[in-house]
Amino acid sequence: MSPERSVHNLTKYYVVRALADAIHAANVDCTAYTDGMGVRIDDDNHIEPDASVQLGSPMDRDVQTLTAPVIVVEVLSPSSAKNDASVKLIAYLSVKSIAHYLIVDADKETVVHHRRLTSDQCETMIVTHGMIYLSPPGIEVPIQAFFGKQ
């Protein structure tokens, strides 16, 4: 993998911190993870999102693949934008436990929120201010927190 732009790396950090803070504030049984944890798409493929939220308590220390991800996040970079909005969207929403796929654009301070409605339908919202409501698991995150702002 190529080195990341500073804004990409910092935005990943802000996203995980914002998700962890929201989980703590809502007192829900979830864990926020940074990049590096895999999401199994099928028997042969997995993807490593930039951030994710797993239902339940933290997993065993040696686990490398999430078993019940409910939220996955990708932070856009110039080289990944097309793939994040197409290939990964289809892949992530094929995972039954994933209720929310967030695509974070740090340059535009915008989040594209894909929310599963049914097994074969999703709703897409473009969020530029205010709160992002993520239920399940029952958390809300101020969008500015994704960009290191309070």
# chains A, B, ... in the order shown; residues from 1 in each chain; ligands from 1
call {"tool": "select_by_dssp", "arguments": {"residues": "region 72-140 of chain A", "states": "helix (DSSP H, G or I)", "output": "ChimeraX atom specification"}}
result
/A:81-85,87-93
call {"tool": "write_last_selection", "arguments": {"atoms": "N, CA and C atoms", "output": "compact mmCIF listing (two decimals), in the first residue's frame"}}
result
# COMPACT_ATOMS: atom_id res chain seq x y z
N ALA A 81 -11.82 6.66 -4.69
CA ALA A 81 -13.18 7.20 -4.71
C ALA A 81 -14.15 6.36 -5.54
N LYS A 82 -13.76 6.00 -6.75
CA LYS A 82 -14.66 5.24 -7.62
C LYS A 82 -14.95 3.85 -7.03
N ASN A 83 -13.93 3.19 -6.55
CA ASN A 83 -14.09 1.85 -5.97
C ASN A 83 -14.95 1.89 -4.70
N ASP A 84 -14.75 2.91 -3.84
CA ASP A 84 -15.52 3.03 -2.61
C ASP A 84 -17.01 3.22 -2.90
N ALA A 85 -17.33 3.95 -3.96
CA ALA A 85 -18.72 4.27 -4.28
C ALA A 85 -19.43 3.19 -5.10
N VAL A 87 -17.84 -0.69 -6.15
CA VAL A 87 -17.49 -2.07 -5.81
C VAL A 87 -17.66 -2.33 -4.31
N LYS A 88 -17.14 -1.45 -3.48
CA LYS A 88 -17.25 -1.67 -2.03
C LYS A 88 -18.68 -1.50 -1.54
N LEU A 89 -19.42 -0.59 -2.13
CA LEU A 89 -20.83 -0.44 -1.75
C LEU A 89 -21.59 -1.74 -1.94
N ILE A 90 -21.45 -2.35 -3.07
CA ILE A 90 -22.13 -3.62 -3.36
C ILE A 90 -21.61 -4.71 -2.43
N ALA A 91 -20.31 -4.77 -2.24
CA ALA A 91 -19.73 -5.80 -1.39
C ALA A 91 -20.19 -5.66 0.05
N TYR A 92 -20.06 -4.47 0.61
CA TYR A 92 -20.44 -4.28 2.02
C TYR A 92 -21.92 -4.57 2.24
N LEU A 93 -22.77 -4.12 1.34
CA LEU A 93 -24.19 -4.34 1.56
C LEU A 93 -24.62 -5.78 1.28
call {"tool": "closest_residue", "arguments": {"among": "A:Ser119, A:Ser135, A:Thr67, A:Gln144", "to": "Val15 (chain A)", "atoms": "only C-alpha atoms"}}
result
A:Gln144
call {"tool": "atom_distance", "arguments": {"atom1": "CA of Ala51 (chain A)", "atom2": "CA of Met37 (chain A)"}}
result
8.4 Å
call {"tool": "residues_around", "arguments": {"residues": "Val73 (chain A)", "least_positions_apart": "3", "cutoff": "6 Å", "atoms": "only C-alpha atoms", "output": "PDB file with N, CA, C and O atoms, in the first residue's frame"}}
result
ATOM      1  N   PRO A  49     -12.056  -2.144   5.979  1.00  0.00           N
ATOM      2  CA  PRO A  49     -12.524  -0.751   5.964  1.00  0.00           C
ATOM      3  C   PRO A  49     -11.600   0.146   6.777  1.00  0.00           C
ATOM      4  O   PRO A  49     -10.807  -0.325   7.600  1.00  0.00           O
ATOM      5  N   ASP A  50     -11.728   1.447   6.570  1.00  0.00           N
ATOM      6  CA  ASP A  50     -10.924   2.405   7.323  1.00  0.00           C
ATOM      7  C   ASP A  50     -11.358   2.476   8.785  1.00  0.00           C
ATOM      8  O   ASP A  50     -10.558   2.802   9.657  1.00  0.00           O
ATOM      9  N   ALA A  51     -12.608   2.189   9.054  1.00  0.00           N
ATOM     10  CA  ALA A  51     -13.140   2.129  10.421  1.00  0.00           C
ATOM     11  C   ALA A  51     -14.360   1.229  10.386  1.00  0.00           C
ATOM     12  O   ALA A  51     -14.979   1.034   9.339  1.00  0.00           O
ATOM     13  N   SER A  52     -14.711   0.676  11.546  1.00  0.00           N
ATOM     14  CA  SER A  52     -15.886  -0.189  11.611  1.00  0.00           C
ATOM     15  C   SER A  52     -16.397  -0.248  13.040  1.00  0.00           C
ATOM     16  O   SER A  52     -15.684   0.103  13.984  1.00  0.00           O
ATOM     17  N   TYR A 101     -23.151   2.003   5.720  1.00  0.00           N
ATOM     18  CA  TYR A 101     -21.873   2.179   5.043  1.00  0.00           C
ATOM     19  C   TYR A 101     -21.678   3.680   4.863  1.00  0.00           C
ATOM     20  O   TYR A 101     -22.478   4.339   4.189  1.00  0.00           O
ATOM     21  N   LEU A 102     -20.650   4.218   5.500  1.00  0.00           N
ATOM     22  CA  LEU A 102     -20.362   5.642   5.442  1.00  0.00           C
ATOM     23  C   LEU A 102     -19.137   5.881   4.568  1.00  0.00           C
ATOM     24  O   LEU A 102     -18.098   5.242   4.766  1.00  0.00           O
ATOM     25  N   ILE A 103     -19.271   6.802   3.619  1.00  0.00           N
ATOM     26  CA  ILE A 103     -18.146   7.223   2.792  1.00  0.00           C
ATOM     27  C   ILE A 103     -17.847   8.664   3.184  1.00  0.00           C
ATOM     28  O   ILE A 103     -18.690   9.551   3.007  1.00  0.00           O
TER      29      ILE A 103
END
call {"tool": "select_by_dssp", "arguments": {"residues": "chain A", "states": "strand (DSSP E)", "output": "number ranges by chain"}}
result
A: 30-34, 38-42, 45-47, 51-55, 65-66, 69-75, 100-105, 110-118, 121-127, 131-134, 139-142
call {"tool": "closest_residue", "arguments": {"among": "A:Ser2, A:Ser94, A:Asn27, A:Thr11", "to": "Ile139 (chain A)", "atoms": "only C-alpha atoms"}}
result
A:Asn27
call {"tool": "residues_around", "arguments": {"residues": "Ile98 (chain A)", "least_positions_apart": "6", "cutoff": "8 Å", "atoms": "only C-alpha atoms", "output": "list in words"}}
result
Ala68, Pro69, Val70, Ile71, Val72, Tyr92 and Arg116 of chain A
call {"tool": "write_last_selection", "arguments": {"atoms": "N, CA, C and O atoms", "output": "PDB file, in the first residue's frame"}}
result
ATOM      1  N   ALA A  68     -19.623  -9.600  13.206  1.00  0.00           N
ATOM      2  CA  ALA A  68     -20.935  -8.955  13.082  1.00  0.00           C
ATOM      3  C   ALA A  68     -20.778  -7.440  12.937  1.00  0.00           C
ATOM      4  O   ALA A  68     -21.283  -6.679  13.751  1.00  0.00           O
ATOM      5  N   PRO A  69     -20.090  -6.998  11.874  1.00  0.00           N
ATOM      6  CA  PRO A  69     -19.952  -5.552  11.705  1.00  0.00           C
ATOM      7  C   PRO A  69     -21.313  -4.924  11.405  1.00  0.00           C
ATOM      8  O   PRO A  69     -22.095  -5.474  10.630  1.00  0.00           O
ATOM      9  N   VAL A  70     -21.597  -3.810  12.051  1.00  0.00           N
ATOM     10  CA  VAL A  70     -22.866  -3.126  11.808  1.00  0.00           C
ATOM     11  C   VAL A  70     -22.649  -1.811  11.054  1.00  0.00           C
ATOM     12  O   VAL A  70     -23.523  -1.353  10.334  1.00  0.00           O
ATOM     13  N   ILE A  71     -21.464  -1.223  11.224  1.00  0.00           N
ATOM     14  CA  ILE A  71     -21.101   0.012  10.526  1.00  0.00           C
ATOM     15  C   ILE A  71     -19.721  -0.183   9.906  1.00  0.00           C
ATOM     16  O   ILE A  71     -18.808  -0.668  10.569  1.00  0.00           O
ATOM     17  N   VAL A  72     -19.578   0.184   8.636  1.00  0.00           N
ATOM     18  CA  VAL A  72     -18.268   0.229   7.993  1.00  0.00           C
ATOM     19  C   VAL A  72     -18.079   1.617   7.391  1.00  0.00           C
ATOM     20  O   VAL A  72     -19.043   2.249   6.947  1.00  0.00           O
ATOM     21  N   TYR A  92     -20.058  -4.468   0.612  1.00  0.00           N
ATOM     22  CA  TYR A  92     -20.435  -4.278   2.015  1.00  0.00           C
ATOM     23  C   TYR A  92     -21.922  -4.566   2.244  1.00  0.00           C
ATOM     24  O   TYR A  92     -22.292  -5.186   3.238  1.00  0.00           O
ATOM     25  N   ARG A 116     -29.087   0.541   5.243  1.00  0.00           N
ATOM     26  CA  ARG A 116     -29.887  -0.598   4.801  1.00  0.00           C
ATOM     27  C   ARG A 116     -31.324  -0.444   5.302  1.00  0.00           C
ATOM     28  O   ARG A 116     -31.551  -0.187   6.479  1.00  0.00           O
TER      29      ARG A 116
END
call {"tool": "atom_distance", "arguments": {"atom1": "CA of Asp29 (chain A)", "atom2": "CA of Asp44 (chain A)"}}
result
29.3 Å
call {"tool": "residues_around", "arguments": {"residues": "Ile143 (chain A)", "least_positions_apart": "4", "cutoff": "6 Å", "atoms": "only C-alpha atoms", "output": "list in words"}}
result
His129, Gly130 and Met131 of chain A
call {"tool": "write_last_selection", "arguments": {"atoms": "C-alpha atoms", "output": "mmCIF file, in the first residue's frame"}}
result
data_model
loop_
_atom_site.group_PDB
_atom_site.id
_atom_site.type_symbol
_atom_site.label_atom_id
_atom_site.label_comp_id
_atom_site.auth_asym_id
_atom_site.auth_seq_id
_atom_site.Cartn_x
_atom_site.Cartn_y
_atom_site.Cartn_z
ATOM 1 C CA HIS A 129 -23.926 19.206 8.962
ATOM 2 C CA GLY A 130 -25.778 18.119 12.077
ATOM 3 C CA MET A 131 -25.991 14.576 13.393
#
call {"tool": "closest_residue", "arguments": {"among": "A:Leu19, A:Val39, A:Leu117, A:Glu109", "to": "Val75 (chain A)", "atoms": "only C-alpha atoms"}}
result
A:Glu109
call {"tool": "decode", "arguments": {"residues": "region 86-136 of chain A", "atoms": "N, CA and C atoms", "output": "PDB file, in the first residue's frame"}}
result
ATOM      1  N   SER A  86     -18.693   2.208  -5.603  1.00  0.00           N
ATOM      2  CA  SER A  86     -19.333   1.192  -6.433  1.00  0.00           C
ATOM      3  C   SER A  86     -19.042  -0.218  -5.942  1.00  0.00           C
ATOM      4  N   VAL A  87     -17.841  -0.688  -6.149  1.00  0.00           N
ATOM      5  CA  VAL A  87     -17.486  -2.065  -5.805  1.00  0.00           C
ATOM      6  C   VAL A  87     -17.663  -2.332  -4.312  1.00  0.00           C
ATOM      7  N   LYS A  88     -17.136  -1.448  -3.476  1.00  0.00           N
ATOM      8  CA  LYS A  88     -17.247  -1.667  -2.033  1.00  0.00           C
ATOM      9  C   LYS A  88     -18.678  -1.498  -1.538  1.00  0.00           C
ATOM     10  N   LEU A  89     -19.423  -0.594  -2.130  1.00  0.00           N
ATOM     11  CA  LEU A  89     -20.833  -0.437  -1.751  1.00  0.00           C
ATOM     12  C   LEU A  89     -21.586  -1.744  -1.938  1.00  0.00           C
ATOM     13  N   ILE A  90     -21.448  -2.346  -3.074  1.00  0.00           N
ATOM     14  CA  ILE A  90     -22.130  -3.619  -3.359  1.00  0.00           C
ATOM     15  C   ILE A  90     -21.615  -4.709  -2.429  1.00  0.00           C
ATOM     16  N   ALA A  91     -20.314  -4.765  -2.243  1.00  0.00           N
ATOM     17  CA  ALA A  91     -19.730  -5.805  -1.389  1.00  0.00           C
ATOM     18  C   ALA A  91     -20.188  -5.661   0.054  1.00  0.00           C
ATOM     19  N   TYR A  92     -20.058  -4.468   0.612  1.00  0.00           N
ATOM     20  CA  TYR A  92     -20.435  -4.278   2.015  1.00  0.00           C
ATOM     21  C   TYR A  92     -21.922  -4.566   2.244  1.00  0.00           C
ATOM     22  N   LEU A  93     -22.766  -4.120   1.343  1.00  0.00           N
ATOM     23  CA  LEU A  93     -24.190  -4.338   1.558  1.00  0.00           C
ATOM     24  C   LEU A  93     -24.621  -5.780   1.282  1.00  0.00           C
ATOM     25  N   SER A  94     -23.687  -6.603   0.804  1.00  0.00           N
ATOM     26  CA  SER A  94     -23.990  -8.034   0.695  1.00  0.00           C
ATOM     27  C   SER A  94     -23.809  -8.747   2.031  1.00  0.00           C
ATOM     28  N   VAL A  95     -23.177  -8.055   2.993  1.00  0.00           N
ATOM     29  CA  VAL A  95     -22.966  -8.614   4.330  1.00  0.00           C
ATOM     30  C   VAL A  95     -24.204  -8.280   5.166  1.00  0.00           C
ATOM     31  N   LYS A  96     -24.942  -9.295   5.579  1.00  0.00           N
ATOM     32  CA  LYS A  96     -26.243  -9.112   6.232  1.00  0.00           C
ATOM     33  C   LYS A  96     -26.198  -8.262   7.490  1.00  0.00           C
ATOM     34  N   SER A  97     -25.110  -8.321   8.260  1.00  0.00           N
ATOM     35  CA  SER A  97     -25.060  -7.575   9.521  1.00  0.00           C
ATOM     36  C   SER A  97     -24.803  -6.082   9.322  1.00  0.00           C
ATOM     37  N   ILE A  98     -24.297  -5.680   8.162  1.00  0.00           N
ATOM     38  CA  ILE A  98     -23.952  -4.276   7.944  1.00  0.00           C
ATOM     39  C   ILE A  98     -25.218  -3.473   7.675  1.00  0.00           C
ATOM     40  N   ALA A  99     -25.477  -2.517   8.584  1.00  0.00           N
ATOM     41  CA  ALA A  99     -26.652  -1.655   8.460  1.00  0.00           C
ATOM     42  C   ALA A  99     -26.295  -0.289   7.876  1.00  0.00           C
ATOM     43  N   HIS A 100     -25.013   0.110   8.005  1.00  0.00           N
ATOM     44  CA  HIS A 100     -24.596   1.444   7.567  1.00  0.00           C
ATOM     45  C   HIS A 100     -23.230   1.379   6.890  1.00  0.00           C
ATOM     46  N   TYR A 101     -23.151   2.003   5.720  1.00  0.00           N
ATOM     47  CA  TYR A 101     -21.873   2.179   5.043  1.00  0.00           C
ATOM     48  C   TYR A 101     -21.678   3.680   4.863  1.00  0.00           C
ATOM     49  N   LEU A 102     -20.650   4.218   5.500  1.00  0.00           N
ATOM     50  CA  LEU A 102     -20.362   5.642   5.442  1.00  0.00           C
ATOM     51  C   LEU A 102     -19.137   5.881   4.568  1.00  0.00           C
ATOM     52  N   ILE A 103     -19.271   6.802   3.619  1.00  0.00           N
ATOM     53  CA  ILE A 103     -18.146   7.223   2.792  1.00  0.00           C
ATOM     54  C   ILE A 103     -17.847   8.664   3.184  1.00  0.00           C
ATOM     55  N   VAL A 104     -16.667   8.877   3.743  1.00  0.00           N
ATOM     56  CA  VAL A 104     -16.293  10.172   4.309  1.00  0.00           C
ATOM     57  C   VAL A 104     -15.369  10.897   3.339  1.00  0.00           C
ATOM     58  N   ASP A 105     -15.765  12.099   2.946  1.00  0.00           N
ATOM     59  CA  ASP A 105     -14.958  12.935   2.062  1.00  0.00           C
ATOM     60  C   ASP A 105     -14.377  14.076   2.901  1.00  0.00           C
ATOM     61  N   ALA A 106     -13.118  13.942   3.296  1.00  0.00           N
ATOM     62  CA  ALA A 106     -12.480  14.932   4.166  1.00  0.00           C
ATOM     63  C   ALA A 106     -12.292  16.267   3.461  1.00  0.00           C
ATOM     64  N   ASP A 107     -12.040  16.242   2.166  1.00  0.00           N
ATOM     65  CA  ASP A 107     -11.810  17.491   1.439  1.00  0.00           C
ATOM     66  C   ASP A 107     -13.072  18.350   1.386  1.00  0.00           C
ATOM     67  N   LYS A 108     -14.229  17.718   1.260  1.00  0.00           N
ATOM     68  CA  LYS A 108     -15.505  18.444   1.186  1.00  0.00           C
ATOM     69  C   LYS A 108     -16.261  18.450   2.514  1.00  0.00           C
ATOM     70  N   GLU A 109     -15.692  17.790   3.533  1.00  0.00           N
ATOM     71  CA  GLU A 109     -16.336  17.641   4.841  1.00  0.00           C
ATOM     72  C   GLU A 109     -17.788  17.183   4.680  1.00  0.00           C
ATOM     73  N   THR A 110     -17.923  16.085   3.954  1.00  0.00           N
ATOM     74  CA  THR A 110     -19.223  15.505   3.627  1.00  0.00           C
ATOM     75  C   THR A 110     -19.179  14.009   3.889  1.00  0.00           C
ATOM     76  N   VAL A 111     -20.323  13.461   4.317  1.00  0.00           N
ATOM     77  CA  VAL A 111     -20.446  12.021   4.509  1.00  0.00           C
ATOM     78  C   VAL A 111     -21.609  11.524   3.661  1.00  0.00           C
ATOM     79  N   VAL A 112     -21.353  10.498   2.862  1.00  0.00           N
ATOM     80  CA  VAL A 112     -22.426   9.809   2.149  1.00  0.00           C
ATOM     81  C   VAL A 112     -22.805   8.614   3.011  1.00  0.00           C
ATOM     82  N   HIS A 113     -24.043   8.600   3.462  1.00  0.00           N
ATOM     83  CA  HIS A 113     -24.529   7.573   4.387  1.00  0.00           C
ATOM     84  C   HIS A 113     -25.478   6.642   3.639  1.00  0.00           C
ATOM     85  N   HIS A 114     -25.029   5.412   3.435  1.00  0.00           N
ATOM     86  CA  HIS A 114     -25.882   4.368   2.859  1.00  0.00           C
ATOM     87  C   HIS A 114     -26.442   3.565   4.025  1.00  0.00           C
ATOM     88  N   ARG A 115     -27.765   3.557   4.161  1.00  0.00           N
ATOM     89  CA  ARG A 115     -28.419   2.862   5.279  1.00  0.00           C
ATOM     90  C   ARG A 115     -29.306   1.755   4.727  1.00  0.00           C
ATOM     91  N   ARG A 116     -29.087   0.541   5.243  1.00  0.00           N
ATOM     92  CA  ARG A 116     -29.887  -0.598   4.801  1.00  0.00           C
ATOM     93  C   ARG A 116     -31.324  -0.444   5.302  1.00  0.00           C
ATOM     94  N   LEU A 117     -32.281  -0.597   4.397  1.00  0.00           N
ATOM     95  CA  LEU A 117     -33.694  -0.584   4.768  1.00  0.00           C
ATOM     96  C   LEU A 117     -34.241  -2.003   4.873  1.00  0.00           C
ATOM     97  N   THR A 118     -33.957  -2.801   3.859  1.00  0.00           N
ATOM     98  CA  THR A 118     -34.353  -4.211   3.825  1.00  0.00           C
ATOM     99  C   THR A 118     -33.174  -4.983   3.258  1.00  0.00           C
ATOM    100  N   SER A 119     -33.341  -6.273   3.088  1.00  0.00           N
ATOM    101  CA  SER A 119     -32.227  -7.073   2.562  1.00  0.00           C
ATOM    102  C   SER A 119     -31.813  -6.642   1.154  1.00  0.00           C
ATOM    103  N   ASP A 120     -32.710  -6.021   0.409  1.00  0.00           N
ATOM    104  CA  ASP A 120     -32.359  -5.628  -0.955  1.00  0.00           C
ATOM    105  C   ASP A 120     -32.610  -4.149  -1.258  1.00  0.00           C
ATOM    106  N   GLN A 121     -32.772  -3.333  -0.215  1.00  0.00           N
ATOM    107  CA  GLN A 121     -32.967  -1.899  -0.426  1.00  0.00           C
ATOM    108  C   GLN A 121     -32.122  -1.100   0.557  1.00  0.00           C
ATOM    109  N   CYS A 122     -31.604   0.029   0.055  1.00  0.00           N
ATOM    110  CA  CYS A 122     -30.903   0.942   0.952  1.00  0.00           C
ATOM    111  C   CYS A 122     -31.281   2.367   0.597  1.00  0.00           C
ATOM    112  N   GLU A 123     -31.080   3.242   1.561  1.00  0.00           N
ATOM    113  CA  GLU A 123     -31.361   4.663   1.409  1.00  0.00           C
ATOM    114  C   GLU A 123     -30.017   5.380   1.471  1.00  0.00           C
ATOM    115  N   THR A 124     -29.852   6.398   0.643  1.00  0.00           N
ATOM    116  CA  THR A 124     -28.609   7.153   0.623  1.00  0.00           C
ATOM    117  C   THR A 124     -28.885   8.601   0.991  1.00  0.00           C
ATOM    118  N   MET A 125     -28.093   9.105   1.945  1.00  0.00           N
ATOM    119  CA  MET A 125     -28.204  10.490   2.368  1.00  0.00           C
ATOM    120  C   MET A 125     -26.835  11.141   2.260  1.00  0.00           C
ATOM    121  N   ILE A 126     -26.805  12.383   1.860  1.00  0.00           N
ATOM    122  CA  ILE A 126     -25.575  13.164   1.841  1.00  0.00           C
ATOM    123  C   ILE A 126     -25.658  14.118   3.021  1.00  0.00           C
ATOM    124  N   VAL A 127     -24.709  13.980   3.947  1.00  0.00           N
ATOM    125  CA  VAL A 127     -24.757  14.728   5.200  1.00  0.00           C
ATOM    126  C   VAL A 127     -23.598  15.722   5.236  1.00  0.00           C
ATOM    127  N   THR A 128     -23.927  16.999   5.428  1.00  0.00           N
ATOM    128  CA  THR A 128     -22.910  18.044   5.475  1.00  0.00           C
ATOM    129  C   THR A 128     -22.874  18.767   6.817  1.00  0.00           C
ATOM    130  N   HIS A 129     -23.891  18.559   7.646  1.00  0.00           N
ATOM    131  CA  HIS A 129     -23.926  19.206   8.962  1.00  0.00           C
ATOM    132  C   HIS A 129     -24.915  18.456   9.861  1.00  0.00           C
ATOM    133  N   GLY A 130     -24.855  18.750  11.139  1.00  0.00           N
ATOM    134  CA  GLY A 130     -25.778  18.119  12.077  1.00  0.00           C
ATOM    135  C   GLY A 130     -25.293  16.751  12.529  1.00  0.00           C
ATOM    136  N   MET A 131     -26.265  15.896  12.833  1.00  0.00           N
ATOM    137  CA  MET A 131     -25.991  14.576  13.393  1.00  0.00           C
ATOM    138  C   MET A 131     -26.206  13.483  12.352  1.00  0.00           C
ATOM    139  N   ILE A 132     -25.441  12.409  12.498  1.00  0.00           N
ATOM    140  CA  ILE A 132     -25.684  11.185  11.728  1.00  0.00           C
ATOM    141  C   ILE A 132     -26.243  10.176  12.726  1.00  0.00           C
ATOM    142  N   TYR A 133     -27.428   9.669  12.444  1.00  0.00           N
ATOM    143  CA  TYR A 133     -28.087   8.704  13.316  1.00  0.00           C
ATOM    144  C   TYR A 133     -27.828   7.304  12.779  1.00  0.00           C
ATOM    145  N   LEU A 134     -27.280   6.453  13.624  1.00  0.00           N
ATOM    146  CA  LEU A 134     -26.889   5.107  13.224  1.00  0.00           C
ATOM    147  C   LEU A 134     -27.594   4.108  14.134  1.00  0.00           C
ATOM    148  N   SER A 135     -28.722   3.604  13.637  1.00  0.00           N
ATOM    149  CA  SER A 135     -29.497   2.634  14.403  1.00  0.00           C
ATOM    150  C   SER A 135     -29.900   1.500  13.482  1.00  0.00           C
ATOM    151  N   PRO A 136     -29.520   0.266  13.764  1.00  0.00           N
ATOM    152  CA  PRO A 136     -28.678  -0.110  14.877  1.00  0.00           C
ATOM    153  C   PRO A 136     -27.256   0.439  14.690  1.00  0.00           C
TER     154      PRO A 136
END
